[in-house]
>>> print(open('structure10.pdb').read())   # PDB, N, CA, C and O atoms
ATOM      1  N   GLY A1061      91.668 122.150  48.025
ATOM      2  CA  GLY A1061      92.894 121.362  47.870
ATOM      3  C   GLY A1061      92.784 120.005  48.525
ATOM      4  O   GLY A1061      91.941 119.789  49.375
ATOM      5  N   GLY A1062      93.667 119.094  48.113
ATOM      6  CA  GLY A1062      93.666 117.747  48.680
ATOM      7  C   GLY A1062      94.234 117.747  50.089
ATOM      8  O   GLY A1062      95.391 118.077  50.284
ATOM      9  N   LYS A1063      93.369 117.407  51.065
ATOM     10  CA  LYS A1063      93.831 117.404  52.461
ATOM     11  C   LYS A1063      94.600 116.123  52.742
ATOM     12  O   LYS A1063      94.095 115.034  52.480
ATOM     13  N   LYS A1064      95.811 116.290  53.244
ATOM     14  CA  LYS A1064      96.613 115.112  53.637
ATOM     15  C   LYS A1064      96.262 114.749  55.068
ATOM     16  O   LYS A1064      96.199 115.616  55.920
ATOM     17  N   GLU A1065      96.006 113.458  55.314
ATOM     18  CA  GLU A1065      95.689 113.063  56.684
ATOM     19  C   GLU A1065      96.972 113.015  57.499
ATOM     20  O   GLU A1065      97.981 112.477  57.050
ATOM     21  N   LYS A1066      96.903 113.615  58.682
ATOM     22  CA  LYS A1066      98.090 113.660  59.550
ATOM     23  C   LYS A1066      98.382 112.278  60.108
ATOM     24  O   LYS A1066      97.487 111.588  60.577
ATOM     25  N   THR A1067      99.632 111.899  60.034
ATOM     26  CA  THR A1067     100.040 110.625  60.631
ATOM     27  C   THR A1067     100.131 110.830  62.131
ATOM     28  O   THR A1067     100.757 111.778  62.589
ATOM     29  N   ALA A1068      99.497 109.946  62.884
ATOM     30  CA  ALA A1068      99.499 110.080  64.337
ATOM     31  C   ALA A1068     100.902 109.817  64.868
ATOM     32  O   ALA A1068     101.466 108.749  64.641
ATOM     33  N   LYS A1069     101.465 110.817  65.525
ATOM     34  CA  LYS A1069     102.784 110.633  66.132
ATOM     35  C   LYS A1069     102.575 110.133  67.557
ATOM     36  O   LYS A1069     101.759 110.676  68.291
ATOM     37  N   PRO A1070     103.338 109.108  67.959
ATOM     38  CA  PRO A1070     103.192 108.626  69.329
ATOM     39  C   PRO A1070     103.680 109.661  70.334
ATOM     40  O   PRO A1070     104.585 110.440  70.023
ATOM     41  N   ASP A1071     103.080 109.683  71.527
ATOM     42  CA  ASP A1071     103.524 110.598  72.566
ATOM     43  C   ASP A1071     104.938 110.234  72.982
ATOM     44  O   ASP A1071     105.288 109.060  72.999
ATOM     45  N   PRO A1072     105.744 111.244  73.330
ATOM     46  CA  PRO A1072     107.090 110.914  73.791
ATOM     47  C   PRO A1072     107.009 110.107  75.091
ATOM     48  O   PRO A1072     106.138 110.359  75.922
ATOM     49  N   VAL A1073     107.886 109.154  75.236
ATOM     50  CA  VAL A1073     107.890 108.312  76.415
ATOM     51  C   VAL A1073     108.985 108.804  77.346
ATOM     52  O   VAL A1073     110.122 108.980  76.919
ATOM     53  N   TYR A1074     108.638 109.077  78.600
ATOM     54  CA  TYR A1074     109.637 109.543  79.551
ATOM     55  C   TYR A1074     110.240 108.358  80.269
ATOM     56  O   TYR A1074     109.530 107.498  80.769
ATOM     57  N   LEU A1075     111.573 108.325  80.276
ATOM     58  CA  LEU A1075     112.256 107.238  80.948
ATOM     59  C   LEU A1075     112.549 107.642  82.379
ATOM     60  O   LEU A1075     113.143 108.698  82.604
ATOM     61  N   PRO A1076     112.121 106.824  83.341
ATOM     62  CA  PRO A1076     112.468 107.140  84.722
ATOM     63  C   PRO A1076     113.973 106.967  84.914
ATOM     64  O   PRO A1076     114.536 105.957  84.502
ATOM     65  N   VAL A1077     114.604 107.982  85.474
ATOM     66  CA  VAL A1077     116.042 107.944  85.678
ATOM     67  C   VAL A1077     116.309 108.234  87.146
ATOM     68  O   VAL A1077     115.698 109.139  87.729
ATOM     69  N   GLU A1078     117.210 107.477  87.739
ATOM     70  CA  GLU A1078     117.594 107.710  89.125
ATOM     71  C   GLU A1078     118.235 109.097  89.228
ATOM     72  O   GLU A1078     119.037 109.487  88.378
ATOM     73  N   VAL A1079     117.841 109.851  90.254
ATOM     74  CA  VAL A1079     118.359 111.208  90.426
ATOM     75  C   VAL A1079     119.392 111.188  91.552
ATOM     76  O   VAL A1079     119.130 110.631  92.620
ATOM     77  N   ASP A1080     120.575 111.790  91.323
ATOM     78  CA  ASP A1080     121.577 111.796  92.388
ATOM     79  C   ASP A1080     121.193 112.827  93.456
ATOM     80  O   ASP A1080     120.308 113.653  93.245
ATOM     81  N   THR A1081     121.859 112.791  94.603
ATOM     82  CA  THR A1081     121.427 113.580  95.763
ATOM     83  C   THR A1081     121.416 115.083  95.485
ATOM     84  O   THR A1081     120.466 115.766  95.844
ATOM     85  N   THR A1082     122.460 115.582  94.834
ATOM     86  CA  THR A1082     122.536 117.016  94.542
ATOM     87  C   THR A1082     121.362 117.441  93.658
ATOM     88  O   THR A1082     120.680 118.424  93.938
ATOM     89  N   GLN A1083     121.137 116.656  92.608
ATOM     90  CA  GLN A1083     120.053 116.935  91.675
ATOM     91  C   GLN A1083     118.699 116.818  92.389
ATOM     92  O   GLN A1083     117.790 117.615  92.139
ATOM     93  N   GLY A1084     118.604 115.841  93.282
ATOM     94  CA  GLY A1084     117.370 115.633  94.032
ATOM     95  C   GLY A1084     117.059 116.811  94.928
ATOM     96  O   GLY A1084     115.912 117.250  95.018
ATOM     97  N   LYS A1085     118.087 117.321  95.583
ATOM     98  CA  LYS A1085     117.902 118.491  96.446
ATOM     99  C   LYS A1085     117.502 119.704  95.626
ATOM    100  O   LYS A1085     116.615 120.469  96.019
ATOM    101  N   ALA A1086     118.136 119.867  94.464
ATOM    102  CA  ALA A1086     117.806 120.983  93.576
ATOM    103  C   ALA A1086     116.341 120.909  93.153
ATOM    104  O   ALA A1086     115.631 121.916  93.167
ATOM    105  N   LEU A1087     115.891 119.703  92.790
ATOM    106  CA  LEU A1087     114.493 119.497  92.403
ATOM    107  C   LEU A1087     113.561 119.831  93.556
ATOM    108  O   LEU A1087     112.547 120.506  93.373
ATOM    109  N   ALA A1088     113.917 119.335  94.749
ATOM    110  CA  ALA A1088     113.092 119.562  95.929
ATOM    111  C   ALA A1088     112.925 121.052  96.191
ATOM    112  O   ALA A1088     111.814 121.537  96.409
ATOM    113  N   ILE A1089     114.033 121.780  96.131
ATOM    114  CA  ILE A1089     113.994 123.225  96.383
ATOM    115  C   ILE A1089     113.165 123.921  95.314
ATOM    116  O   ILE A1089     112.328 124.771  95.619
ATOM    117  N   ARG A1090     113.368 123.510  94.050
ATOM    118  CA  ARG A1090     112.604 124.113  92.961
ATOM    119  C   ARG A1090     111.109 123.888  93.162
ATOM    120  O   ARG A1090     110.308 124.819  93.034
ATOM    121  N   TRP A1091     110.716 122.641  93.493
ATOM    122  CA  TRP A1091     109.300 122.325  93.698
ATOM    123  C   TRP A1091     108.729 123.093  94.879
ATOM    124  O   TRP A1091     107.584 123.549  94.833
ATOM    125  N   LEU A1092     109.521 123.232  95.945
ATOM    126  CA  LEU A1092     109.071 123.983  97.117
ATOM    127  C   LEU A1092     108.823 125.446  96.746
ATOM    128  O   LEU A1092     107.825 126.031  97.152
ATOM    129  N   LEU A1093     109.736 126.017  95.980
ATOM    130  CA  LEU A1093     109.594 127.425  95.579
ATOM    131  C   LEU A1093     108.391 127.621  94.663
ATOM    132  O   LEU A1093     107.628 128.579  94.833
ATOM    133  N   VAL A1094     108.236 126.711  93.704
ATOM    134  CA  VAL A1094     107.087 126.801  92.782
ATOM    135  C   VAL A1094     105.783 126.713  93.566
ATOM    136  O   VAL A1094     104.867 127.514  93.363
ATOM    137  N   ALA A1095     105.726 125.743  94.497
ATOM    138  CA  ALA A1095     104.527 125.551  95.312
ATOM    139  C   ALA A1095     104.270 126.785  96.173
ATOM    140  O   ALA A1095     103.131 127.226  96.325
ATOM    141  N   ALA A1096     105.343 127.353  96.729
ATOM    142  CA  ALA A1096     105.208 128.521  97.590
ATOM    143  C   ALA A1096     104.686 129.715  96.792
ATOM    144  O   ALA A1096     103.827 130.463  97.262
ATOM    145  N   ARG A1097     105.193 129.892  95.567
ATOM    146  CA  ARG A1097     104.745 131.012  94.735
ATOM    147  C   ARG A1097     103.261 130.921  94.413
ATOM    148  O   ARG A1097     102.589 131.942  94.287
ATOM    149  N   LYS A1098     102.759 129.692  94.267
ATOM    150  CA  LYS A1098     101.347 129.505  93.926
ATOM    151  C   LYS A1098     100.419 129.767  95.104
ATOM    152  O   LYS A1098      99.215 129.910  94.929
ATOM    153  N   ARG A1099     100.976 129.791  96.313
ATOM    154  CA  ARG A1099     100.151 129.950  97.509
ATOM    155  C   ARG A1099      99.545 131.336  97.636
ATOM    156  O   ARG A1099     100.078 132.311  97.135
ATOM    157  N   GLN A1100      98.430 131.368  98.381
ATOM    158  CA  GLN A1100      97.836 132.646  98.764
ATOM    159  C   GLN A1100      98.601 133.148  99.983
ATOM    160  O   GLN A1100      98.964 132.359 100.845
ATOM    161  N   GLY A1101      98.861 134.431 100.041
ATOM    162  CA  GLY A1101      99.533 134.930 101.236
ATOM    163  C   GLY A1101     100.133 136.300 101.021
ATOM    164  O   GLY A1101     100.225 136.781  99.899
ATOM    165  N   ARG A1102     100.571 136.895 102.106
ATOM    166  CA  ARG A1102     101.092 138.255 102.058
ATOM    167  C   ARG A1102     102.355 138.344 101.220
ATOM    168  O   ARG A1102     102.417 139.070 100.240
ATOM    169  N   ASP A1103     103.401 137.620 101.646
ATOM    170  CA  ASP A1103     104.686 137.737 100.960
ATOM    171  C   ASP A1103     105.338 136.367 100.839
ATOM    172  O   ASP A1103     104.869 135.380 101.391
ATOM    173  N   MET A1104     106.446 136.326 100.116
ATOM    174  CA  MET A1104     107.118 135.066  99.832
ATOM    175  C   MET A1104     107.598 134.385 101.116
ATOM    176  O   MET A1104     107.528 133.166 101.234
ATOM    177  N   VAL A1105     108.102 135.165 102.076
ATOM    178  CA  VAL A1105     108.581 134.596 103.341
ATOM    179  C   VAL A1105     107.463 133.789 103.995
ATOM    180  O   VAL A1105     107.653 132.641 104.397
ATOM    181  N   PHE A1106     106.294 134.414 104.074
ATOM    182  CA  PHE A1106     105.104 133.795 104.657
ATOM    183  C   PHE A1106     104.716 132.534 103.878
ATOM    184  O   PHE A1106     104.482 131.475 104.465
ATOM    185  N   LYS A1107     104.683 132.650 102.543
ATOM    186  CA  LYS A1107     104.231 131.542 101.701
ATOM    187  C   LYS A1107     105.205 130.367 101.766
ATOM    188  O   LYS A1107     104.790 129.216 101.898
ATOM    189  N   LEU A1108     106.505 130.681 101.701
ATOM    190  CA  LEU A1108     107.504 129.614 101.698
ATOM    191  C   LEU A1108     107.557 128.914 103.051
ATOM    192  O   LEU A1108     107.639 127.690 103.119
ATOM    193  N   SER A1109     107.477 129.686 104.129
ATOM    194  CA  SER A1109     107.527 129.052 105.451
ATOM    195  C   SER A1109     106.326 128.119 105.632
ATOM    196  O   SER A1109     106.471 127.019 106.162
ATOM    197  N   ASN A1110     105.160 128.535 105.160
ATOM    198  CA  ASN A1110     103.987 127.667 105.256
ATOM    199  C   ASN A1110     104.132 126.413 104.392
ATOM    200  O   ASN A1110     103.738 125.323 104.802
ATOM    201  N   GLU A1111     104.704 126.584 103.212
ATOM    202  CA  GLU A1111     104.927 125.425 102.337
ATOM    203  C   GLU A1111     105.907 124.454 102.989
ATOM    204  O   GLU A1111     105.715 123.246 102.947
ATOM    205  N   LEU A1112     106.949 124.977 103.620
ATOM    206  CA  LEU A1112     107.934 124.124 104.296
ATOM    207  C   LEU A1112     107.298 123.370 105.460
ATOM    208  O   LEU A1112     107.580 122.187 105.661
ATOM    209  N   ILE A1113     106.448 124.053 106.213
ATOM    210  CA  ILE A1113     105.755 123.408 107.334
ATOM    211  C   ILE A1113     104.864 122.288 106.803
ATOM    212  O   ILE A1113     104.873 121.173 107.328
ATOM    213  N   ASP A1114     104.124 122.589 105.734
ATOM    214  CA  ASP A1114     103.267 121.569 105.121
ATOM    215  C   ASP A1114     104.095 120.385 104.613
ATOM    216  O   ASP A1114     103.706 119.229 104.774
ATOM    217  N   ALA A1115     105.235 120.693 103.990
ATOM    218  CA  ALA A1115     106.093 119.638 103.447
ATOM    219  C   ALA A1115     106.578 118.734 104.577
ATOM    220  O   ALA A1115     106.609 117.510 104.435
ATOM    221  N   ALA A1116     106.933 119.346 105.698
ATOM    222  CA  ALA A1116     107.404 118.576 106.849
ATOM    223  C   ALA A1116     106.301 117.659 107.369
ATOM    224  O   ALA A1116     106.565 116.555 107.844
ATOM    225  N   LYS A1117     105.050 118.129 107.256
ATOM    226  CA  LYS A1117     103.909 117.330 107.692
ATOM    227  C   LYS A1117     103.529 116.281 106.649
ATOM    228  O   LYS A1117     102.696 115.419 106.904
ATOM    229  N   GLY A1118     104.112 116.412 105.462
ATOM    230  CA  GLY A1118     103.816 115.458 104.397
ATOM    231  C   GLY A1118     102.634 115.865 103.544
ATOM    232  O   GLY A1118     102.203 115.121 102.674
ATOM    233  N   SER A1119     102.081 117.060 103.813
ATOM    234  CA  SER A1119     101.054 117.587 102.918
ATOM    235  C   SER A1119     101.732 118.658 102.068
ATOM    236  O   SER A1119     102.942 118.748 102.044
ATOM    237  N   GLY A1120     100.959 119.467 101.383
ATOM    238  CA  GLY A1120     101.581 120.541 100.614
ATOM    239  C   GLY A1120     101.797 120.154  99.163
ATOM    240  O   GLY A1120     101.876 118.988  98.802
ATOM    241  N   ASP A1121     101.919 121.179  98.334
ATOM    242  CA  ASP A1121     101.971 121.008  96.888
ATOM    243  C   ASP A1121     103.261 120.343  96.431
ATOM    244  O   ASP A1121     103.255 119.531  95.519
ATOM    245  N   ALA A1122     104.387 120.716  97.057
ATOM    246  CA  ALA A1122     105.680 120.170  96.641
ATOM    247  C   ALA A1122     105.729 118.665  96.871
ATOM    248  O   ALA A1122     106.235 117.913  96.034
ATOM    249  N   VAL A1123     105.171 118.225  98.014
ATOM    250  CA  VAL A1123     105.150 116.797  98.328
ATOM    251  C   VAL A1123     104.256 116.064  97.330
ATOM    252  O   VAL A1123     104.600 114.989  96.839
ATOM    253  N   ARG A1124     103.105 116.691  97.008
ATOM    254  CA  ARG A1124     102.197 116.082  96.043
ATOM    255  C   ARG A1124     102.907 115.934  94.695
ATOM    256  O   ARG A1124     102.767 114.904  94.022
ATOM    257  N   LYS A1125     103.682 116.956  94.319
ATOM    258  CA  LYS A1125     104.430 116.934  93.064
ATOM    259  C   LYS A1125     105.410 115.758  93.036
ATOM    260  O   LYS A1125     105.533 115.061  92.042
ATOM    261  N   ARG A1126     106.102 115.554  94.174
ATOM    262  CA  ARG A1126     107.057 114.449  94.249
ATOM    263  C   ARG A1126     106.342 113.111  94.102
ATOM    264  O   ARG A1126     106.787 112.232  93.357
ATOM    265  N   GLU A1127     105.227 112.954  94.817
ATOM    266  CA  GLU A1127     104.496 111.687  94.763
ATOM    267  C   GLU A1127     103.986 111.409  93.356
ATOM    268  O   GLU A1127     104.051 110.284  92.867
ATOM    269  N   GLU A1128     103.504 112.468  92.711
ATOM    270  CA  GLU A1128     103.016 112.365  91.342
ATOM    271  C   GLU A1128     104.151 111.920  90.413
ATOM    272  O   GLU A1128     103.972 111.052  89.562
ATOM    273  N   THR A1129     105.326 112.529  90.603
ATOM    274  CA  THR A1129     106.491 112.194  89.784
ATOM    275  C   THR A1129     106.907 110.742  90.009
ATOM    276  O   THR A1129     107.211 110.023  89.054
ATOM    277  N   HIS A1130     106.877 110.305  91.265
ATOM    278  CA  HIS A1130     107.217 108.923  91.582
ATOM    279  C   HIS A1130     106.221 107.953  90.944
ATOM    280  O   HIS A1130     106.610 106.920  90.420
ATOM    281  N   ARG A1131     104.927 108.320  90.974
ATOM    282  CA  ARG A1131     103.909 107.472  90.343
ATOM    283  C   ARG A1131     104.170 107.343  88.853
ATOM    284  O   ARG A1131     104.084 106.254  88.291
ATOM    285  N   MET A1132     104.490 108.486  88.211
ATOM    286  CA  MET A1132     104.788 108.478  86.779
ATOM    287  C   MET A1132     105.985 107.572  86.496
ATOM    288  O   MET A1132     105.973 106.794  85.547
ATOM    289  N   ALA A1133     107.013 107.678  87.338
ATOM    290  CA  ALA A1133     108.212 106.856  87.161
ATOM    291  C   ALA A1133     107.864 105.371  87.289
ATOM    292  O   ALA A1133     108.305 104.556  86.476
ATOM    293  N   GLU A1134     107.064 105.038  88.295
ATOM    294  CA  GLU A1134     106.619 103.652  88.472
ATOM    295  C   GLU A1134     105.899 103.153  87.220
ATOM    296  O   GLU A1134     106.179 102.068  86.725
ATOM    297  N   ALA A1135     104.996 103.989  86.712
ATOM    298  CA  ALA A1135     104.182 103.621  85.563
ATOM    299  C   ALA A1135     105.056 103.422  84.328
ATOM    300  O   ALA A1135     104.775 102.566  83.491
ATOM    301  N   ASN A1136     106.122 104.210  84.228
ATOM    302  CA  ASN A1136     106.978 104.138  83.043
ATOM    303  C   ASN A1136     108.132 103.152  83.210
ATOM    304  O   ASN A1136     108.960 103.034  82.311
ATOM    305  N   ARG A1137     108.186 102.440  84.337
ATOM    306  CA  ARG A1137     109.256 101.496  84.579
ATOM    307  C   ARG A1137     109.345 100.474  83.444
ATOM    308  O   ARG A1137     110.421  99.975  83.123
ATOM    309  N   ALA A1138     108.200 100.167  82.835
ATOM    310  CA  ALA A1138     108.168  99.172  81.762
ATOM    311  C   ALA A1138     109.081  99.567  80.611
ATOM    312  O   ALA A1138     109.609  98.706  79.908
ATOM    313  N   PHE A1139     109.303 100.872  80.434
ATOM    314  CA  PHE A1139     110.110 101.342  79.309
ATOM    315  C   PHE A1139     111.595 101.436  79.656
ATOM    316  O   PHE A1139     112.398 101.819  78.833
ATOM    317  N   ALA A1140     111.948 101.087  80.896
ATOM    318  CA  ALA A1140     113.318 101.295  81.363
ATOM    319  C   ALA A1140     114.329 100.520  80.519
ATOM    320  O   ALA A1140     115.489 100.913  80.430
ATOM    321  N   HIS A1141     113.886  99.431  79.882
ATOM    322  CA  HIS A1141     114.844  98.617  79.102
ATOM    323  C   HIS A1141     115.336  99.340  77.851
ATOM    324  O   HIS A1141     116.272  98.868  77.207
ATOM    325  N   TYR A1142     114.727 100.462  77.481
ATOM    326  CA  TYR A1142     115.207 101.226  76.328
ATOM    327  C   TYR A1142     116.510 101.960  76.606
ATOM    328  O   TYR A1142     117.173 102.405  75.712
ATOM    329  N   ARG A1143     116.819 102.145  77.891
ATOM    330  CA  ARG A1143     118.015 102.908  78.243
ATOM    331  C   ARG A1143     119.299 102.272  77.725
ATOM    332  O   ARG A1143     119.483 101.093  77.825
TER     333      ARG A1143
END
>>> encode(input="structure10.pdb", output="structure tokens")
Amino acid sequence: GGKKEKTAKPDPVYLPVEVDTTQGKALAIRWLLVAARKRQGRDMVFKLSNELIDAAKGSGDAVRKREETHRMAEANRAFAHYR
């Protein structure tokens, strides 16, 4: 059969949006929990407490996630005028 060439669809562009405090806290808690679940360790109490200690020190997966998200937002700032 005649193969139709697929039209390249552009990747969706994410618009950086300011997050209010409540939403920010919710995100922070979610990222902390996700990071804690991924950790090696006996139980969730142990894993979460270690993740919180790391977060306080500025290391840890949740903090890395935030920094990564901020970098993405910075990079996508150029598209902010679409809002």
>>> atom_distance(input="structure10.pdb", atom1="atom C of A:His1141", atom2="atom O of A:Leu1075")
10.7 Å
>>> residues_around(input="structure10.pdb", residues="stretch 1084-1092 of chain A", least_positions_apart="6", cutoff="9 Å", atoms="only C-alpha atoms", output="PyMOL selection string")
chain A and resi 1108+1111-1112+1115+1120-1123+1125-1126
>>> axis_aligned_box(input="structure10.pdb", around="stretch 1119-1133 of chain A", padding_each_side="6 Å", output="JSON")
{"center_x": 104.6, "center_y": 112.9, "center_z": 94.7, "size_x": 19.3, "size_y": 28.6, "size_z": 30.3}
>>> select_by_dssp(input="structure10.pdb", residues="chain A", states="helix (DSSP H, G or I)", output="VMD selection string")
chain A and resid 1081 to 1098 1104 to 1117 1121 to 1142
>>> closest_residue(input="structure10.pdb", among="A:Ser1119, A:Pro1076, A:Lys1107, A:Asp1114", to="A:Ala1135", atoms="all atoms listed in the file")
A:Pro1076
>>> residues_around(input="structure10.pdb", residues="stretch 1068-1074 of chain A", least_positions_apart="3", cutoff="8 Å", atoms="all atoms listed in the file", output="list in words")
Glu1065, Val1077, Met1132, Ala1133, Ala1135, Asn1136, Arg1137, Ala1138, Phe1139 and Ala1140 of chain A
>>> atom_distance(input="structure10.pdb", atom1="atom CA of A:Arg1131", atom2="atom CA of A:Gln1100")
27.2 Å
>>> decode(input="structure10.pdb", residues="stretch 1079-1089 of chain A", atoms="all heavy atoms", output="JSON list (two decimals), in the first residue's frame")
[["chain", "number", "residue", "atom", "x", "y", "z"],
["A", 1079, "VAL", "N", 3.88, 29.82, 40.59],
["A", 1079, "VAL", "CA", 3.10, 28.91, 41.44],
["A", 1079, "VAL", "C", 2.81, 29.63, 42.76],
["A", 1079, "VAL", "O", 3.72, 30.20, 43.36],
["A", 1079, "VAL", "CB", 3.90, 27.62, 41.72],
["A", 1079, "VAL", "CG1", 3.10, 26.67, 42.59],
["A", 1079, "VAL", "CG2", 4.30, 26.96, 40.42],
["A", 1080, "ASP", "N", 1.54, 29.61, 43.21],
["A", 1080, "ASP", "CA", 1.24, 30.27, 44.48],
["A", 1080, "ASP", "C", 1.74, 29.42, 45.65],
["A", 1080, "ASP", "O", 2.09, 28.25, 45.47],
["A", 1080, "ASP", "CB", -0.26, 30.59, 44.60],
["A", 1080, "ASP", "CG", -1.12, 29.35, 44.74],
["A", 1080, "ASP", "OD1", -0.99, 28.65, 45.76],
["A", 1080, "ASP", "OD2", -1.94, 29.09, 43.83],
["A", 1081, "THR", "N", 1.76, 29.98, 46.85],
["A", 1081, "THR", "CA", 2.42, 29.33, 47.98],
["A", 1081, "THR", "C", 1.81, 27.97, 48.32],
["A", 1081, "THR", "O", 2.53, 27.01, 48.55],
["A", 1081, "THR", "CB", 2.38, 30.21, 49.25],
["A", 1081, "THR", "OG1", 1.07, 30.73, 49.40],
["A", 1081, "THR", "CG2", 3.37, 31.35, 49.15],
["A", 1082, "THR", "N", 0.48, 27.89, 48.33],
["A", 1082, "THR", "CA", -0.18, 26.62, 48.65],
["A", 1082, "THR", "C", 0.21, 25.54, 47.64],
["A", 1082, "THR", "O", 0.58, 24.43, 48.02],
["A", 1082, "THR", "CB", -1.72, 26.79, 48.63],
["A", 1082, "THR", "OG1", -2.06, 27.98, 49.35],
["A", 1082, "THR", "CG2", -2.40, 25.59, 49.28],
["A", 1083, "GLN", "N", 0.14, 25.91, 46.37],
["A", 1083, "GLN", "CA", 0.48, 24.98, 45.30],
["A", 1083, "GLN", "C", 1.96, 24.60, 45.38],
["A", 1083, "GLN", "O", 2.32, 23.44, 45.15],
["A", 1083, "GLN", "CB", 0.19, 25.65, 43.96],
["A", 1083, "GLN", "CG", -0.01, 24.71, 42.80],
["A", 1083, "GLN", "CD", -0.25, 25.45, 41.50],
["A", 1083, "GLN", "OE1", -0.44, 26.67, 41.48],
["A", 1083, "GLN", "NE2", -0.24, 24.72, 40.40],
["A", 1084, "GLY", "N", 2.79, 25.58, 45.73],
["A", 1084, "GLY", "CA", 4.22, 25.34, 45.86],
["A", 1084, "GLY", "C", 4.53, 24.35, 46.96],
["A", 1084, "GLY", "O", 5.36, 23.46, 46.80],
["A", 1085, "LYS", "N", 3.84, 24.51, 48.08],
["A", 1085, "LYS", "CA", 4.03, 23.59, 49.20],
["A", 1085, "LYS", "C", 3.57, 22.19, 48.82],
["A", 1085, "LYS", "O", 4.23, 21.20, 49.14],
["A", 1085, "LYS", "CB", 3.26, 24.08, 50.43],
["A", 1085, "LYS", "CG", 3.96, 25.22, 51.13],
["A", 1085, "LYS", "CD", 3.14, 25.76, 52.29],
["A", 1085, "LYS", "CE", 3.74, 27.05, 52.81],
["A", 1085, "LYS", "NZ", 2.72, 28.02, 53.21],
["A", 1086, "ALA", "N", 2.44, 22.11, 48.12],
["A", 1086, "ALA", "CA", 1.92, 20.82, 47.67],
["A", 1086, "ALA", "C", 2.93, 20.13, 46.76],
["A", 1086, "ALA", "O", 3.19, 18.93, 46.91],
["A", 1086, "ALA", "CB", 0.59, 21.01, 46.95],
["A", 1087, "LEU", "N", 3.51, 20.89, 45.83],
["A", 1087, "LEU", "CA", 4.53, 20.35, 44.93],
["A", 1087, "LEU", "C", 5.73, 19.86, 45.71],
["A", 1087, "LEU", "O", 6.25, 18.77, 45.45],
["A", 1087, "LEU", "CB", 4.99, 21.42, 43.94],
["A", 1087, "LEU", "CG", 4.28, 21.52, 42.60],
["A", 1087, "LEU", "CD1", 4.82, 22.69, 41.81],
["A", 1087, "LEU", "CD2", 4.42, 20.24, 41.81],
["A", 1088, "ALA", "N", 6.18, 20.69, 46.66],
["A", 1088, "ALA", "CA", 7.35, 20.34, 47.47],
["A", 1088, "ALA", "C", 7.13, 19.03, 48.20],
["A", 1088, "ALA", "O", 7.98, 18.14, 48.18],
["A", 1088, "ALA", "CB", 7.64, 21.46, 48.46],
["A", 1089, "ILE", "N", 5.96, 18.90, 48.82],
["A", 1089, "ILE", "CA", 5.65, 17.68, 49.58],
["A", 1089, "ILE", "C", 5.59, 16.48, 48.64],
["A", 1089, "ILE", "O", 6.14, 15.42, 48.93],
["A", 1089, "ILE", "CB", 4.33, 17.86, 50.35],
["A", 1089, "ILE", "CG1", 4.52, 18.91, 51.46],
["A", 1089, "ILE", "CG2", 3.87, 16.54, 50.95],
["A", 1089, "ILE", "CD1", 3.25, 19.42, 52.06]]
